[in-house]
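First the structure, in the form of C-alpha coordinates, and then the observations on it.
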Amino acid sequence: MLRTINDLFRSLFDSPPSADEPASQHTLQLATAVLLIEVMRSDAKIGAQERRAVLAALRDKFALADDELERLFELAETHATEATDFHHFTSKINKGFSAEQKLRIVELLWQVALADGHISHHENHLMRKLGDLLHIPHAAYVAAKQRARQHMDVPDAPAAP
(Lines give C-alpha, C1' and ligand atoms only; values in the text may rest on other atoms or scores of the structure.)
Protein backbone atom coordinates (compact mmCIF):
# COMPACT_ATOMS: atom_id res chain seq x y z
CA MET A 1 0.00 0.00 0.00
CA LEU A 2 2.80 2.46 0.86
CA ARG A 3 4.52 1.69 -2.40
CA THR A 4 1.32 2.62 -4.24
CA ILE A 5 1.18 6.00 -2.51
CA ASN A 6 4.87 6.60 -3.19
CA ASP A 7 4.36 5.70 -6.86
CA LEU A 8 1.41 8.08 -6.99
CA PHE A 9 3.39 10.91 -5.43
CA ARG A 10 6.35 10.32 -7.74
CA SER A 11 4.13 10.23 -10.81
CA LEU A 12 2.93 13.74 -10.08
CA PHE A 13 6.24 15.40 -9.33
CA ASP A 14 8.94 13.49 -11.14
CA SER A 15 9.72 14.02 -14.77
CA PRO A 16 6.65 14.68 -16.86
CA PRO A 17 5.48 11.83 -19.07
CA SER A 18 6.00 12.09 -22.78
CA ALA A 19 3.08 13.15 -24.95
CA ASP A 20 2.61 9.54 -26.06
CA GLU A 21 2.65 8.06 -22.55
CA PRO A 22 -0.79 7.87 -20.96
CA ALA A 23 -1.22 9.05 -17.40
CA SER A 24 -1.00 6.29 -14.81
CA GLN A 25 -4.11 5.11 -13.03
CA HIS A 26 -2.81 6.54 -9.75
CA THR A 27 -2.20 9.93 -11.30
CA LEU A 28 -5.71 9.97 -12.74
CA GLN A 29 -7.17 8.97 -9.39
CA LEU A 30 -5.33 11.76 -7.62
CA ALA A 31 -6.18 14.37 -10.25
CA THR A 32 -9.85 13.42 -10.08
CA ALA A 33 -9.81 13.42 -6.28
CA VAL A 34 -8.23 16.88 -6.18
CA LEU A 35 -10.98 18.29 -8.40
CA LEU A 36 -13.66 16.68 -6.24
CA ILE A 37 -12.05 18.16 -3.12
CA GLU A 38 -11.83 21.58 -4.76
CA VAL A 39 -15.57 21.50 -5.45
CA MET A 40 -16.14 20.45 -1.83
CA ARG A 41 -13.93 23.29 -0.58
CA SER A 42 -15.64 25.89 -2.79
CA ASP A 43 -18.67 25.83 -0.50
CA ALA A 44 -18.42 28.20 2.45
CA LYS A 45 -19.73 25.49 4.79
CA ILE A 46 -18.10 22.13 4.31
CA GLY A 47 -20.26 19.48 5.90
CA ALA A 48 -20.11 15.74 6.32
CA GLN A 49 -22.42 15.26 3.35
CA GLU A 50 -19.87 16.83 0.97
CA ARG A 51 -17.10 14.62 2.32
CA ARG A 52 -19.31 11.56 1.92
CA ALA A 53 -20.14 12.67 -1.63
CA VAL A 54 -16.43 12.92 -2.51
CA LEU A 55 -15.73 9.47 -1.09
CA ALA A 56 -18.80 8.02 -2.86
CA ALA A 57 -17.70 9.58 -6.16
CA LEU A 58 -14.20 8.15 -5.82
CA ARG A 59 -15.60 4.75 -4.87
CA ASP A 60 -17.95 4.85 -7.86
CA LYS A 61 -15.31 5.96 -10.34
CA PHE A 62 -12.37 3.83 -9.19
CA ALA A 63 -13.79 0.95 -7.08
CA LEU A 64 -11.23 1.43 -4.31
CA ALA A 65 -11.25 -0.16 -0.86
CA ASP A 66 -12.13 2.05 2.11
CA ASP A 67 -8.53 2.40 3.31
CA GLU A 68 -7.40 3.33 -0.21
CA LEU A 69 -10.19 5.90 -0.42
CA GLU A 70 -9.14 7.50 2.85
CA ARG A 71 -5.49 7.69 1.79
CA LEU A 72 -6.42 9.11 -1.60
CA PHE A 73 -8.71 11.65 0.06
CA GLU A 74 -5.96 12.78 2.45
CA LEU A 75 -3.38 13.02 -0.32
CA ALA A 76 -5.80 14.93 -2.54
CA GLU A 77 -6.61 17.35 0.29
CA THR A 78 -2.91 18.11 0.64
CA HIS A 79 -2.50 18.66 -3.09
CA ALA A 80 -5.65 20.78 -3.29
CA THR A 81 -4.39 23.01 -0.49
CA GLU A 82 -1.02 23.47 -2.17
CA ALA A 83 -2.28 23.80 -5.75
CA THR A 84 -2.04 27.17 -7.48
CA ASP A 85 -4.24 26.24 -10.44
CA PHE A 86 -6.31 23.41 -11.90
CA HIS A 87 -4.46 22.98 -15.18
CA HIS A 88 -1.97 20.48 -13.74
CA PHE A 89 -4.85 18.19 -12.78
CA THR A 90 -7.23 18.79 -15.68
CA SER A 91 -4.46 18.23 -18.23
CA LYS A 92 -3.78 14.78 -16.78
CA ILE A 93 -7.50 13.97 -16.92
CA ASN A 94 -7.74 15.28 -20.48
CA LYS A 95 -4.85 13.02 -21.54
CA GLY A 96 -5.92 9.96 -19.58
CA PHE A 97 -9.69 9.81 -19.98
CA SER A 98 -12.05 9.61 -22.93
CA ALA A 99 -14.73 12.25 -23.49
CA GLU A 100 -17.32 9.94 -21.91
CA GLN A 101 -15.13 9.34 -18.86
CA LYS A 102 -14.54 13.08 -18.45
CA LEU A 103 -18.28 13.68 -18.70
CA ARG A 104 -18.81 11.15 -15.91
CA ILE A 105 -16.28 13.05 -13.81
CA VAL A 106 -18.23 16.27 -14.37
CA GLU A 107 -21.37 14.47 -13.22
CA LEU A 108 -19.55 13.32 -10.08
CA LEU A 109 -18.28 16.86 -9.49
CA TRP A 110 -21.88 18.07 -9.69
CA GLN A 111 -22.92 15.42 -7.16
CA VAL A 112 -20.40 16.85 -4.72
CA ALA A 113 -21.59 20.40 -5.40
CA LEU A 114 -25.21 19.29 -4.86
CA ALA A 115 -24.51 17.18 -1.76
CA ASP A 116 -25.88 19.79 0.61
CA GLY A 117 -28.87 20.57 -1.62
CA HIS A 118 -27.58 24.03 -2.52
CA ILE A 119 -25.16 25.34 -5.13
CA SER A 120 -23.27 28.44 -4.06
CA HIS A 121 -22.05 31.03 -6.54
CA HIS A 122 -18.49 29.84 -5.93
CA GLU A 123 -19.44 26.22 -6.64
CA ASN A 124 -21.28 27.22 -9.79
CA HIS A 125 -18.32 29.30 -11.01
CA LEU A 126 -15.85 26.52 -10.27
CA MET A 127 -18.02 23.95 -12.05
CA ARG A 128 -18.17 26.11 -15.18
CA LYS A 129 -14.42 26.59 -15.07
CA LEU A 130 -13.75 22.87 -14.65
CA GLY A 131 -16.19 22.01 -17.43
CA ASP A 132 -14.28 24.35 -19.74
CA LEU A 133 -10.87 23.01 -18.68
CA LEU A 134 -12.06 19.46 -19.30
CA HIS A 135 -13.34 20.48 -22.77
CA ILE A 136 -16.92 19.44 -22.05
CA PRO A 137 -19.42 20.84 -24.58
CA HIS A 138 -22.06 23.03 -22.95
CA ALA A 139 -25.00 20.74 -23.78
CA ALA A 140 -23.18 17.75 -22.29
CA TYR A 141 -22.24 19.84 -19.23
CA VAL A 142 -25.90 20.76 -18.64
CA ALA A 143 -26.99 17.14 -19.16
CA ALA A 144 -24.40 15.99 -16.59
CA LYS A 145 -25.74 18.53 -14.12
CA GLN A 146 -29.29 17.27 -14.67
CA ARG A 147 -28.23 13.65 -14.18
CA ALA A 148 -26.47 14.62 -10.96
CA ARG A 149 -29.62 16.43 -9.78
CA GLN A 150 -31.68 13.33 -10.50
CA HIS A 151 -29.15 11.10 -8.75
CA MET A 152 -29.10 13.38 -5.72
CA ASP A 153 -32.90 13.88 -5.89
CA VAL A 154 -32.47 17.68 -5.91
CA PRO A 155 -35.21 19.70 -7.62
CA ASP A 156 -34.27 22.03 -10.45
CA ALA A 157 -33.53 25.60 -9.45
CA PRO A 158 -36.50 27.93 -9.87
CA ALA A 159 -36.55 29.97 -13.04
CA ALA A 160 -35.40 33.57 -12.70
CA PRO A 161 -38.21 36.16 -12.91
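Chain labels A, B, ... are given in the sequence in which chains occur in the C-alpha coordinates; within each chain residues are numbered consecutively from 1, and ligands are likewise numbered from 1 in the order shown.
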
Q) Excluding same-chain residues fewer than 2 positions from region 113-122 of chain A, what lies within 9 Å of it counting only C-alpha atoms, as a list in words? A)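 What passes the distance filter is Leu36, Val39, Met40, Ser42, Asp43, Ala44, Ile46, Gly47, Gln49, Glu50, Arg51, Arg52, Ala53, Leu108, Leu109, Trp110, Gln111, Asn124, His125, Leu126, Met127, Ala148, Arg149, Met152, Asp153, Val154 and Pro155 of chain A.
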
Across A:His87, A:Lys92, A:Gln150, A:Arg71, the smallest distance to Asp132 (chain A), with only C-alpha atoms counted, is shown by A:His87

Query - Who sits within 9 Å of Leu55 (chain A), only C-alpha atoms, same chain under 5 positions skipped, as a list in words - result: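 Contacts, with the query itself left out: Ala33, Glu50, Asp60, Asp66, Leu69, Glu70 and Phe73 of chain A.
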
Export of prior selection with N, CA, C and O atoms as a tab-separated table (two decimals), in the first residue's frame:
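Dumped to selection-v1.tsv:
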```tsv
chain	number	residue	atom	x	y	z
A	33	ALA	N	-9.52	13.16	-7.69
A	33	ALA	CA	-9.81	13.42	-6.28
A	33	ALA	C	-9.57	14.89	-5.92
A	33	ALA	O	-10.34	15.49	-5.17
A	50	GLU	N	-20.78	16.60	2.08
A	50	GLU	CA	-19.87	16.83	0.97
A	50	GLU	C	-18.71	15.83	0.99
A	50	GLU	O	-18.31	15.30	-0.03
A	60	ASP	N	-17.21	5.15	-6.63
A	60	ASP	CA	-17.95	4.85	-7.86
A	60	ASP	C	-17.04	4.83	-9.07
A	60	ASP	O	-17.11	3.94	-9.91
A	66	ASP	N	-11.95	0.92	1.20
A	66	ASP	CA	-12.13	2.05	2.11
A	66	ASP	C	-10.81	2.67	2.56
A	66	ASP	O	-10.68	3.89	2.61
A	69	LEU	N	-9.42	4.66	-0.26
A	69	LEU	CA	-10.19	5.90	-0.42
A	69	LEU	C	-9.74	6.95	0.58
A	69	LEU	O	-9.57	8.13	0.23
A	70	GLU	N	-9.57	6.55	1.82
A	70	GLU	CA	-9.14	7.50	2.85
A	70	GLU	C	-7.76	8.07	2.54
A	70	GLU	O	-7.53	9.27	2.67
A	73	PHE	N	-8.05	10.42	-0.39
A	73	PHE	CA	-8.71	11.65	0.06
A	73	PHE	C	-7.71	12.55	0.78
A	73	PHE	O	-7.62	13.75	0.50
```

Using only C-alpha atoms: which of A:Thr90, A:Gln25, A:Thr78, A:Thr84 has the shortest distance to Leu130 (chain A)
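Of the candidates, the smallest distance to Leu130 (chain A) is held by A:Thr90.
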
### Task
Tell me, as a ChimeraX atom specification, which residues lie within 10 Å of Phe62 (chain A), counting only C-alpha atoms; anything in the same chain fewer than 2 positions away does not count.
/A:25-26,28-29,32,56-60,64-65,69

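You will find CA of Asn94 (chain A) at 21.5 Å from CA of Arg147 (chain A).
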
Please compute the CA of Lys95 (chain A)-CA of Leu75 (chain A) distance, one decimal, in Å.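 Distance between the two atoms: 21.3 Å.
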
### Query
Could you name the residues that touch Ala99 (chain A) at 10 Å or less, counting only C-alpha atoms, but leaving out those on the same chain fewer than 3 positions away, as a VMD selection string?
chain A and resid 93 to 94 96 102 to 105 134 to 137

- as a VMD selection string, please: all residues of chain A that backbone DSSP puts in helix (DSSP H, G or I). chain A and resid 2 to 13 25 to 41 48 to 62 66 to 82 87 to 96 99 to 113 121 to 133 138 to 152

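Straight-line separation from CA of Val54 (chain A) to CA of His138 (chain A): 23.5 Å.
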
One residue among A:Leu133, A:Ala140, A:Ala76, A:Ala31 is nearest to Phe89 (chain A) when using only C-alpha atoms, and that residue is A:Ala31
